[in-house]
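The structure file structure.cif is reproduced below (mmCIF, N, CA and C atoms).
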data_target
#
loop_
_atom_site.label_atom_id
_atom_site.label_comp_id
_atom_site.auth_asym_id
_atom_site.auth_seq_id
_atom_site.Cartn_x
_atom_site.Cartn_y
_atom_site.Cartn_z
N SER Z 30 0.84 -1.19 0.00
CA SER Z 30 0.00 0.00 0.00
C SER Z 30 0.88 1.24 0.00
N VAL Z 31 0.28 2.37 -0.30
CA VAL Z 31 1.00 3.63 -0.28
C VAL Z 31 1.53 3.90 1.12
N GLN Z 32 0.74 3.61 2.12
CA GLN Z 32 1.17 3.83 3.50
C GLN Z 32 2.38 2.97 3.84
N ASP Z 33 2.44 1.73 3.37
CA ASP Z 33 3.59 0.87 3.62
C ASP Z 33 4.85 1.43 2.97
N ILE Z 34 4.70 1.99 1.78
CA ILE Z 34 5.85 2.59 1.09
C ILE Z 34 6.38 3.78 1.89
N ILE Z 35 5.48 4.64 2.35
CA ILE Z 35 5.88 5.81 3.14
C ILE Z 35 6.55 5.36 4.43
N LYS Z 36 5.99 4.35 5.10
CA LYS Z 36 6.60 3.85 6.33
C LYS Z 36 7.98 3.28 6.07
N GLY Z 37 8.16 2.65 4.91
CA GLY Z 37 9.47 2.10 4.56
C GLY Z 37 10.52 3.17 4.34
N ILE Z 38 10.09 4.36 3.92
CA ILE Z 38 11.02 5.45 3.66
C ILE Z 38 11.33 6.25 4.92
N VAL Z 39 10.29 6.61 5.68
CA VAL Z 39 10.50 7.50 6.83
C VAL Z 39 10.37 6.80 8.18
N GLY Z 40 10.05 5.53 8.19
CA GLY Z 40 9.92 4.82 9.45
C GLY Z 40 8.55 4.97 10.08
N TYR Z 41 8.49 4.80 11.39
CA TYR Z 41 7.22 4.80 12.10
C TYR Z 41 6.36 6.05 11.87
N PRO Z 42 6.94 7.28 11.81
CA PRO Z 42 6.08 8.44 11.58
C PRO Z 42 5.26 8.34 10.29
N GLY Z 43 5.71 7.53 9.35
CA GLY Z 43 4.96 7.34 8.11
C GLY Z 43 3.62 6.69 8.32
N HIS Z 44 3.44 6.09 9.50
CA HIS Z 44 2.16 5.46 9.83
C HIS Z 44 1.02 6.48 9.83
N PHE Z 45 1.35 7.74 10.11
CA PHE Z 45 0.33 8.78 10.22
C PHE Z 45 0.04 9.49 8.90
N PHE Z 46 0.79 9.15 7.85
CA PHE Z 46 0.63 9.84 6.56
C PHE Z 46 0.30 8.83 5.46
N GLY Z 47 -0.33 9.32 4.44
CA GLY Z 47 -0.58 8.50 3.26
C GLY Z 47 -1.53 7.36 3.47
N ALA Z 48 -2.54 7.57 4.28
CA ALA Z 48 -3.53 6.51 4.50
C ALA Z 48 -4.06 6.03 3.15
N SER Z 49 -4.04 4.74 2.98
CA SER Z 49 -4.43 4.17 1.70
C SER Z 49 -5.88 3.69 1.74
N TYR Z 50 -6.60 4.01 0.70
CA TYR Z 50 -7.97 3.52 0.58
C TYR Z 50 -8.00 2.19 -0.16
N TRP Z 51 -6.85 1.75 -0.61
CA TRP Z 51 -6.76 0.53 -1.39
C TRP Z 51 -5.81 -0.42 -0.69
N ASN Z 52 -6.30 -1.55 -0.24
CA ASN Z 52 -5.48 -2.55 0.42
C ASN Z 52 -5.16 -3.64 -0.59
N ASN Z 53 -3.94 -3.61 -1.12
CA ASN Z 53 -3.55 -4.55 -2.17
C ASN Z 53 -3.63 -6.00 -1.71
N LEU Z 54 -3.19 -6.27 -0.49
CA LEU Z 54 -3.24 -7.65 -0.01
C LEU Z 54 -4.67 -8.16 0.11
N GLU Z 55 -5.56 -7.29 0.52
CA GLU Z 55 -6.98 -7.66 0.60
C GLU Z 55 -7.56 -7.86 -0.80
N ALA Z 56 -7.16 -7.01 -1.73
CA ALA Z 56 -7.68 -7.08 -3.11
C ALA Z 56 -7.27 -8.36 -3.82
N THR Z 57 -6.11 -8.94 -3.46
CA THR Z 57 -5.68 -10.16 -4.15
C THR Z 57 -6.61 -11.33 -3.89
N LYS Z 58 -7.43 -11.25 -2.85
CA LYS Z 58 -8.40 -12.32 -2.58
C LYS Z 58 -9.42 -12.44 -3.71
N ASN Z 59 -9.59 -11.37 -4.49
CA ASN Z 59 -10.56 -11.36 -5.59
C ASN Z 59 -9.95 -11.75 -6.93
N ILE Z 60 -8.68 -12.10 -6.94
CA ILE Z 60 -8.01 -12.49 -8.19
C ILE Z 60 -8.10 -14.00 -8.33
N HIS Z 61 -8.62 -14.46 -9.47
CA HIS Z 61 -8.76 -15.90 -9.70
C HIS Z 61 -8.27 -16.31 -11.09
N CYS Z 62 -7.57 -15.41 -11.77
CA CYS Z 62 -7.06 -15.70 -13.11
C CYS Z 62 -5.53 -15.81 -13.06
N PRO Z 63 -4.90 -16.38 -14.10
CA PRO Z 63 -3.44 -16.43 -14.12
C PRO Z 63 -2.86 -15.02 -13.93
N THR Z 64 -1.81 -14.93 -13.13
CA THR Z 64 -1.28 -13.63 -12.73
C THR Z 64 0.24 -13.60 -12.89
N LEU Z 65 0.74 -12.50 -13.45
CA LEU Z 65 2.17 -12.28 -13.63
C LEU Z 65 2.55 -10.99 -12.92
N LEU Z 66 3.54 -11.06 -12.01
CA LEU Z 66 4.07 -9.89 -11.33
C LEU Z 66 5.50 -9.68 -11.83
N ILE Z 67 5.85 -8.46 -12.20
CA ILE Z 67 7.20 -8.13 -12.66
C ILE Z 67 7.71 -6.98 -11.80
N HIS Z 68 8.93 -7.14 -11.27
CA HIS Z 68 9.46 -6.10 -10.39
C HIS Z 68 10.98 -6.04 -10.52
N GLY Z 69 11.54 -4.85 -10.41
CA GLY Z 69 12.99 -4.67 -10.39
C GLY Z 69 13.52 -4.87 -8.99
N GLU Z 70 14.53 -5.72 -8.84
CA GLU Z 70 15.08 -6.02 -7.51
C GLU Z 70 15.71 -4.80 -6.86
N ARG Z 71 16.16 -3.84 -7.65
CA ARG Z 71 16.81 -2.65 -7.09
C ARG Z 71 15.89 -1.42 -7.11
N ASP Z 72 14.61 -1.65 -7.21
CA ASP Z 72 13.65 -0.55 -7.20
C ASP Z 72 13.80 0.23 -5.90
N THR Z 73 14.06 1.53 -6.00
CA THR Z 73 14.29 2.34 -4.80
C THR Z 73 13.01 3.00 -4.30
N LEU Z 74 11.93 2.98 -5.07
CA LEU Z 74 10.67 3.58 -4.64
C LEU Z 74 9.78 2.54 -3.96
N ILE Z 75 9.58 1.43 -4.64
CA ILE Z 75 8.74 0.36 -4.09
C ILE Z 75 9.62 -0.89 -3.98
N PRO Z 76 9.97 -1.30 -2.77
CA PRO Z 76 10.84 -2.46 -2.60
C PRO Z 76 10.23 -3.73 -3.21
N ALA Z 77 11.09 -4.59 -3.73
CA ALA Z 77 10.64 -5.85 -4.33
C ALA Z 77 9.88 -6.70 -3.32
N GLU Z 78 10.13 -6.50 -2.04
CA GLU Z 78 9.43 -7.26 -1.00
C GLU Z 78 7.91 -7.05 -1.09
N HIS Z 79 7.48 -5.90 -1.57
CA HIS Z 79 6.04 -5.65 -1.73
C HIS Z 79 5.44 -6.61 -2.77
N SER Z 80 6.13 -6.78 -3.89
CA SER Z 80 5.63 -7.73 -4.90
C SER Z 80 5.70 -9.16 -4.40
N LYS Z 81 6.75 -9.47 -3.63
CA LYS Z 81 6.86 -10.83 -3.07
C LYS Z 81 5.70 -11.10 -2.12
N ALA Z 82 5.32 -10.10 -1.33
CA ALA Z 82 4.18 -10.27 -0.42
C ALA Z 82 2.88 -10.46 -1.20
N LEU Z 83 2.71 -9.71 -2.29
CA LEU Z 83 1.53 -9.90 -3.13
C LEU Z 83 1.51 -11.30 -3.72
N PHE Z 84 2.68 -11.76 -4.17
CA PHE Z 84 2.77 -13.11 -4.74
C PHE Z 84 2.36 -14.15 -3.70
N ARG Z 85 2.87 -14.01 -2.48
CA ARG Z 85 2.51 -14.96 -1.41
C ARG Z 85 1.01 -14.92 -1.10
N SER Z 86 0.40 -13.75 -1.26
CA SER Z 86 -1.03 -13.63 -0.97
C SER Z 86 -1.89 -14.26 -2.07
N LEU Z 87 -1.28 -14.67 -3.15
CA LEU Z 87 -2.00 -15.30 -4.26
C LEU Z 87 -1.96 -16.83 -4.17
N ALA Z 88 -1.82 -17.36 -2.98
CA ALA Z 88 -1.71 -18.82 -2.80
C ALA Z 88 -2.89 -19.56 -3.41
N HIS Z 89 -4.04 -18.93 -3.46
CA HIS Z 89 -5.25 -19.56 -4.00
C HIS Z 89 -5.30 -19.56 -5.53
N VAL Z 90 -4.40 -18.85 -6.19
CA VAL Z 90 -4.38 -18.77 -7.65
C VAL Z 90 -3.55 -19.92 -8.20
N GLN Z 91 -4.12 -20.69 -9.11
CA GLN Z 91 -3.46 -21.88 -9.64
C GLN Z 91 -2.20 -21.54 -10.44
N ARG Z 92 -2.30 -20.56 -11.34
CA ARG Z 92 -1.16 -20.21 -12.20
C ARG Z 92 -0.72 -18.79 -11.89
N LYS Z 93 0.49 -18.69 -11.35
CA LYS Z 93 1.02 -17.38 -11.02
C LYS Z 93 2.54 -17.42 -11.18
N GLN Z 94 3.12 -16.26 -11.42
CA GLN Z 94 4.56 -16.18 -11.58
C GLN Z 94 5.02 -14.79 -11.17
N ILE Z 95 6.18 -14.72 -10.54
CA ILE Z 95 6.80 -13.44 -10.25
C ILE Z 95 8.17 -13.43 -10.93
N VAL Z 96 8.45 -12.36 -11.64
CA VAL Z 96 9.73 -12.19 -12.32
C VAL Z 96 10.42 -11.01 -11.66
N LEU Z 97 11.61 -11.27 -11.11
CA LEU Z 97 12.39 -10.21 -10.49
C LEU Z 97 13.57 -9.90 -11.39
N LEU Z 98 13.54 -8.73 -11.98
CA LEU Z 98 14.61 -8.31 -12.88
C LEU Z 98 15.72 -7.66 -12.05
N PRO Z 99 16.97 -7.80 -12.47
CA PRO Z 99 18.10 -7.36 -11.65
C PRO Z 99 18.41 -5.86 -11.75
N HIS Z 100 17.42 -5.02 -11.81
CA HIS Z 100 17.62 -3.58 -11.92
C HIS Z 100 16.46 -2.87 -11.26
N GLU Z 101 16.45 -1.54 -11.35
CA GLU Z 101 15.40 -0.81 -10.66
C GLU Z 101 14.29 -0.31 -11.57
N ILE Z 102 14.56 0.07 -12.79
CA ILE Z 102 13.53 0.64 -13.64
C ILE Z 102 13.40 -0.22 -14.90
N ILE Z 103 12.29 -0.89 -15.02
CA ILE Z 103 12.08 -1.82 -16.14
C ILE Z 103 12.13 -1.10 -17.48
N VAL Z 104 11.57 0.09 -17.56
CA VAL Z 104 11.48 0.81 -18.83
C VAL Z 104 12.86 1.13 -19.41
N ARG Z 105 13.84 1.37 -18.57
CA ARG Z 105 15.17 1.75 -19.04
C ARG Z 105 16.07 0.56 -19.34
N TYR Z 106 15.61 -0.62 -19.10
CA TYR Z 106 16.46 -1.80 -19.24
C TYR Z 106 16.07 -2.56 -20.50
N HIS Z 107 17.02 -2.78 -21.36
CA HIS Z 107 16.76 -3.54 -22.59
C HIS Z 107 17.15 -4.99 -22.32
N ILE Z 108 16.18 -5.86 -22.34
CA ILE Z 108 16.44 -7.26 -22.02
C ILE Z 108 17.13 -7.92 -23.20
N LYS Z 109 18.40 -8.28 -23.02
CA LYS Z 109 19.17 -8.97 -24.05
C LYS Z 109 19.63 -10.33 -23.53
N ARG Z 110 19.25 -10.63 -22.32
CA ARG Z 110 19.61 -11.91 -21.72
C ARG Z 110 18.40 -12.43 -20.97
N PRO Z 111 18.35 -13.71 -20.67
CA PRO Z 111 17.21 -14.24 -19.92
C PRO Z 111 17.09 -13.56 -18.57
N TYR Z 112 15.88 -13.29 -18.17
CA TYR Z 112 15.65 -12.68 -16.87
C TYR Z 112 15.65 -13.74 -15.78
N HIS Z 113 15.73 -13.29 -14.58
CA HIS Z 113 15.80 -14.17 -13.41
C HIS Z 113 14.39 -14.44 -12.90
N VAL Z 114 13.98 -15.69 -12.86
CA VAL Z 114 12.67 -16.06 -12.33
C VAL Z 114 12.86 -16.51 -10.89
N GLN Z 115 12.26 -15.76 -9.98
CA GLN Z 115 12.42 -16.04 -8.56
C GLN Z 115 11.51 -17.17 -8.09
N TYR Z 116 10.22 -17.07 -8.39
CA TYR Z 116 9.25 -18.06 -7.94
C TYR Z 116 8.36 -18.44 -9.12
N ARG Z 117 7.86 -19.64 -9.07
CA ARG Z 117 6.91 -20.07 -10.11
C ARG Z 117 6.04 -21.17 -9.53
N SER Z 118 4.76 -21.10 -9.83
CA SER Z 118 3.88 -22.18 -9.39
C SER Z 118 2.77 -22.38 -10.40
#

Translate this structure into structure tokens?
Amino acid sequence: SVQDIIKGIVGYPGHFFGASYWNNLEATKNIHCPTLLIHGERDTLIPAEHSKALFRSLAHVQRKQIVLLPHEIIVRYHIKRPYHVQYRS
């Protein structure tokens, strides 16, 4: 959530700012289709741990995959080699 990102940057005081109206972990309960998550391992704005938590919350989804690319910004990276697949089920 936005609040989790703020707390990750500024620590406990972030708990009082950026209240999120959207709970991503709660929303994943409504996902029942094949799902692909892509995240840069060096992302400095949203830590890859957030995508990993979303992936873990998709335990009820039969086909899911998370791809963790070894950089921070996907748009600036030209994939010329196979990417690193962290988890697959």

Write out as a PDB file with N, CA and C atoms, in the coordinates of the input each polymer residue whose atoms come within 8 Å of Leu65 in chain Z, counting only C-alpha atoms; drop sequence neighbours fewer than 3 positions from it.
ATOM      1  N   LYS Z  93       0.490 -18.690 -11.350  1.00  0.00           N
ATOM      2  CA  LYS Z  93       1.020 -17.380 -11.020  1.00  0.00           C
ATOM      3  C   LYS Z  93       2.540 -17.420 -11.180  1.00  0.00           C
ATOM      4  N   GLN Z  94       3.120 -16.260 -11.420  1.00  0.00           N
ATOM      5  CA  GLN Z  94       4.560 -16.180 -11.580  1.00  0.00           C
ATOM      6  C   GLN Z  94       5.020 -14.790 -11.170  1.00  0.00           C
ATOM      7  N   ILE Z  95       6.180 -14.720 -10.540  1.00  0.00           N
ATOM      8  CA  ILE Z  95       6.800 -13.440 -10.250  1.00  0.00           C
ATOM      9  C   ILE Z  95       8.170 -13.430 -10.930  1.00  0.00           C
ATOM     10  N   VAL Z  96       8.450 -12.360 -11.640  1.00  0.00           N
ATOM     11  CA  VAL Z  96       9.730 -12.190 -12.320  1.00  0.00           C
ATOM     12  C   VAL Z  96      10.420 -11.010 -11.660  1.00  0.00           C
TER      13      VAL Z  96
END

When distances are computed from only C-alpha atoms, which of Z:Pro99, Z:Ser80, Z:Arg71, Z:Val90 shows the smallest separation from Asn59 in chain Z?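 The closest residue to Asn59 in chain Z is Z:Val90.
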
Got a sec to resolve the PyMOL selection byres (((chain Z and resi 78 and name CA) around 12) and name CA) on this structure and send the residues as a PDB file with N, CA and C atoms, in the coordinates of the input?
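Below is the file that was written, expr31.pdb:
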ATOM      1  N   SER Z  30       0.840  -1.190   0.000  1.00  0.00           N
ATOM      2  CA  SER Z  30       0.000   0.000   0.000  1.00  0.00           C
ATOM      3  C   SER Z  30       0.880   1.240   0.000  1.00  0.00           C
ATOM      4  N   ASP Z  33       2.440   1.730   3.370  1.00  0.00           N
ATOM      5  CA  ASP Z  33       3.590   0.870   3.620  1.00  0.00           C
ATOM      6  C   ASP Z  33       4.850   1.430   2.970  1.00  0.00           C
ATOM      7  N   ILE Z  34       4.700   1.990   1.780  1.00  0.00           N
ATOM      8  CA  ILE Z  34       5.850   2.590   1.090  1.00  0.00           C
ATOM      9  C   ILE Z  34       6.380   3.780   1.890  1.00  0.00           C
ATOM     10  N   GLY Z  37       8.160   2.650   4.910  1.00  0.00           N
ATOM     11  CA  GLY Z  37       9.470   2.100   4.560  1.00  0.00           C
ATOM     12  C   GLY Z  37      10.520   3.170   4.340  1.00  0.00           C
ATOM     13  N   LEU Z  66       3.540 -11.060 -12.010  1.00  0.00           N
ATOM     14  CA  LEU Z  66       4.070  -9.890 -11.330  1.00  0.00           C
ATOM     15  C   LEU Z  66       5.500  -9.680 -11.830  1.00  0.00           C
ATOM     16  N   ILE Z  67       5.850  -8.460 -12.200  1.00  0.00           N
ATOM     17  CA  ILE Z  67       7.200  -8.130 -12.660  1.00  0.00           C
ATOM     18  C   ILE Z  67       7.710  -6.980 -11.800  1.00  0.00           C
ATOM     19  N   HIS Z  68       8.930  -7.140 -11.270  1.00  0.00           N
ATOM     20  CA  HIS Z  68       9.460  -6.100 -10.390  1.00  0.00           C
ATOM     21  C   HIS Z  68      10.980  -6.040 -10.520  1.00  0.00           C
ATOM     22  N   GLY Z  69      11.540  -4.850 -10.410  1.00  0.00           N
ATOM     23  CA  GLY Z  69      12.990  -4.670 -10.390  1.00  0.00           C
ATOM     24  C   GLY Z  69      13.520  -4.870  -8.990  1.00  0.00           C
ATOM     25  N   GLU Z  70      14.530  -5.720  -8.840  1.00  0.00           N
ATOM     26  CA  GLU Z  70      15.080  -6.020  -7.510  1.00  0.00           C
ATOM     27  C   GLU Z  70      15.710  -4.800  -6.860  1.00  0.00           C
ATOM     28  N   ARG Z  71      16.160  -3.840  -7.650  1.00  0.00           N
ATOM     29  CA  ARG Z  71      16.810  -2.650  -7.090  1.00  0.00           C
ATOM     30  C   ARG Z  71      15.890  -1.420  -7.110  1.00  0.00           C
ATOM     31  N   ASP Z  72      14.610  -1.650  -7.210  1.00  0.00           N
ATOM     32  CA  ASP Z  72      13.650  -0.550  -7.200  1.00  0.00           C
ATOM     33  C   ASP Z  72      13.800   0.230  -5.900  1.00  0.00           C
ATOM     34  N   THR Z  73      14.060   1.530  -6.000  1.00  0.00           N
ATOM     35  CA  THR Z  73      14.290   2.340  -4.800  1.00  0.00           C
ATOM     36  C   THR Z  73      13.010   3.000  -4.300  1.00  0.00           C
ATOM     37  N   LEU Z  74      11.930   2.980  -5.070  1.00  0.00           N
ATOM     38  CA  LEU Z  74      10.670   3.580  -4.640  1.00  0.00           C
ATOM     39  C   LEU Z  74       9.780   2.540  -3.960  1.00  0.00           C
ATOM     40  N   ILE Z  75       9.580   1.430  -4.640  1.00  0.00           N
ATOM     41  CA  ILE Z  75       8.740   0.360  -4.090  1.00  0.00           C
ATOM     42  C   ILE Z  75       9.620  -0.890  -3.980  1.00  0.00           C
ATOM     43  N   PRO Z  76       9.970  -1.300  -2.770  1.00  0.00           N
ATOM     44  CA  PRO Z  76      10.840  -2.460  -2.600  1.00  0.00           C
ATOM     45  C   PRO Z  76      10.230  -3.730  -3.210  1.00  0.00           C
ATOM     46  N   ALA Z  77      11.090  -4.590  -3.730  1.00  0.00           N
ATOM     47  CA  ALA Z  77      10.640  -5.850  -4.330  1.00  0.00           C
ATOM     48  C   ALA Z  77       9.880  -6.700  -3.320  1.00  0.00           C
ATOM     49  N   HIS Z  79       7.480  -5.900  -1.570  1.00  0.00           N
ATOM     50  CA  HIS Z  79       6.040  -5.650  -1.730  1.00  0.00           C
ATOM     51  C   HIS Z  79       5.440  -6.610  -2.770  1.00  0.00           C
ATOM     52  N   SER Z  80       6.130  -6.780  -3.890  1.00  0.00           N
ATOM     53  CA  SER Z  80       5.630  -7.730  -4.900  1.00  0.00           C
ATOM     54  C   SER Z  80       5.700  -9.160  -4.400  1.00  0.00           C
ATOM     55  N   LYS Z  81       6.750  -9.470  -3.630  1.00  0.00           N
ATOM     56  CA  LYS Z  81       6.860 -10.830  -3.070  1.00  0.00           C
ATOM     57  C   LYS Z  81       5.700 -11.100  -2.120  1.00  0.00           C
ATOM     58  N   ALA Z  82       5.320 -10.100  -1.330  1.00  0.00           N
ATOM     59  CA  ALA Z  82       4.180 -10.270  -0.420  1.00  0.00           C
ATOM     60  C   ALA Z  82       2.880 -10.460  -1.200  1.00  0.00           C
ATOM     61  N   LEU Z  83       2.710  -9.710  -2.290  1.00  0.00           N
ATOM     62  CA  LEU Z  83       1.530  -9.900  -3.130  1.00  0.00           C
ATOM     63  C   LEU Z  83       1.510 -11.300  -3.720  1.00  0.00           C
ATOM     64  N   PHE Z  84       2.680 -11.760  -4.170  1.00  0.00           N
ATOM     65  CA  PHE Z  84       2.770 -13.110  -4.740  1.00  0.00           C
ATOM     66  C   PHE Z  84       2.360 -14.150  -3.700  1.00  0.00           C
ATOM     67  N   ARG Z  85       2.870 -14.010  -2.480  1.00  0.00           N
ATOM     68  CA  ARG Z  85       2.510 -14.960  -1.410  1.00  0.00           C
ATOM     69  C   ARG Z  85       1.010 -14.920  -1.100  1.00  0.00           C
ATOM     70  N   ILE Z  95       6.180 -14.720 -10.540  1.00  0.00           N
ATOM     71  CA  ILE Z  95       6.800 -13.440 -10.250  1.00  0.00           C
ATOM     72  C   ILE Z  95       8.170 -13.430 -10.930  1.00  0.00           C
ATOM     73  N   LEU Z  97      11.610 -11.270 -11.110  1.00  0.00           N
ATOM     74  CA  LEU Z  97      12.390 -10.210 -10.490  1.00  0.00           C
ATOM     75  C   LEU Z  97      13.570  -9.900 -11.390  1.00  0.00           C
ATOM     76  N   GLN Z 115      12.260 -15.760  -9.980  1.00  0.00           N
ATOM     77  CA  GLN Z 115      12.420 -16.040  -8.560  1.00  0.00           C
ATOM     78  C   GLN Z 115      11.510 -17.170  -8.090  1.00  0.00           C
TER      79      GLN Z 115
END

What's the separation between atom C of Asn52 in chain Z and atom N of Ala88 in chain Z, in Å to one decimal place?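 If I compute the distance from atom C of Asn52 in chain Z to atom N of Ala88 in chain Z, I get 14.3 Å.
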
Neighbour list for Ile60 in chain Z as a VMD selection string, cut-off 8 Å, only N, CA and C atoms, skip fewer than 5 positions in-chain: chain Z and resid 55 87 89 to 91

d(atom N of Ser86 in chain Z, atom C of His61 in chain Z) in Å: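 Between atom N of Ser86 in chain Z and atom C of His61 in chain Z the gap works out to 13.4 Å.
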
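Coordinates place atom N of Leu54 in chain Z at a distance of 18.3 Å from CA of Arg92 in chain Z.
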
Because the input lacks atoms here, generate N, CA, C and O atoms for range 81-94 of chain Z and report them as a compact mmCIF listing (two decimals), keeping the file's coordinate frame.
# COMPACT_ATOMS: atom_id res chain seq x y z
N LYS Z 81 6.75 -9.47 -3.63
CA LYS Z 81 6.86 -10.83 -3.07
C LYS Z 81 5.70 -11.10 -2.12
O LYS Z 81 5.15 -12.20 -2.10
N ALA Z 82 5.32 -10.10 -1.33
CA ALA Z 82 4.18 -10.27 -0.42
C ALA Z 82 2.88 -10.46 -1.20
O ALA Z 82 2.04 -11.30 -0.83
N LEU Z 83 2.71 -9.71 -2.29
CA LEU Z 83 1.53 -9.90 -3.13
C LEU Z 83 1.51 -11.30 -3.72
O LEU Z 83 0.47 -11.96 -3.76
N PHE Z 84 2.68 -11.76 -4.17
CA PHE Z 84 2.77 -13.11 -4.74
C PHE Z 84 2.36 -14.15 -3.70
O PHE Z 84 1.59 -15.07 -3.99
N ARG Z 85 2.87 -14.01 -2.48
CA ARG Z 85 2.51 -14.96 -1.41
C ARG Z 85 1.01 -14.92 -1.10
O ARG Z 85 0.41 -15.93 -0.77
N SER Z 86 0.40 -13.75 -1.26
CA SER Z 86 -1.03 -13.63 -0.97
C SER Z 86 -1.89 -14.26 -2.07
O SER Z 86 -3.10 -14.39 -1.90
N LEU Z 87 -1.28 -14.67 -3.15
CA LEU Z 87 -2.00 -15.30 -4.26
C LEU Z 87 -1.96 -16.83 -4.17
O LEU Z 87 -2.06 -17.52 -5.18
N ALA Z 88 -1.82 -17.36 -2.98
CA ALA Z 88 -1.71 -18.82 -2.80
C ALA Z 88 -2.89 -19.56 -3.41
O ALA Z 88 -2.76 -20.70 -3.85
N HIS Z 89 -4.04 -18.93 -3.46
CA HIS Z 89 -5.25 -19.56 -4.00
C HIS Z 89 -5.30 -19.56 -5.53
O HIS Z 89 -6.14 -20.23 -6.12
N VAL Z 90 -4.40 -18.85 -6.19
CA VAL Z 90 -4.38 -18.77 -7.65
C VAL Z 90 -3.55 -19.92 -8.20
O VAL Z 90 -2.40 -20.12 -7.80
N GLN Z 91 -4.12 -20.69 -9.11
CA GLN Z 91 -3.46 -21.88 -9.64
C GLN Z 91 -2.20 -21.54 -10.44
O GLN Z 91 -1.17 -22.16 -10.25
N ARG Z 92 -2.30 -20.56 -11.34
CA ARG Z 92 -1.16 -20.21 -12.20
C ARG Z 92 -0.72 -18.79 -11.89
O ARG Z 92 -1.45 -17.85 -12.15
N LYS Z 93 0.49 -18.69 -11.35
CA LYS Z 93 1.02 -17.38 -11.02
C LYS Z 93 2.54 -17.42 -11.18
O LYS Z 93 3.15 -18.48 -11.09
N GLN Z 94 3.12 -16.26 -11.42
CA GLN Z 94 4.56 -16.18 -11.58
C GLN Z 94 5.02 -14.79 -11.17
O GLN Z 94 4.32 -13.80 -11.41
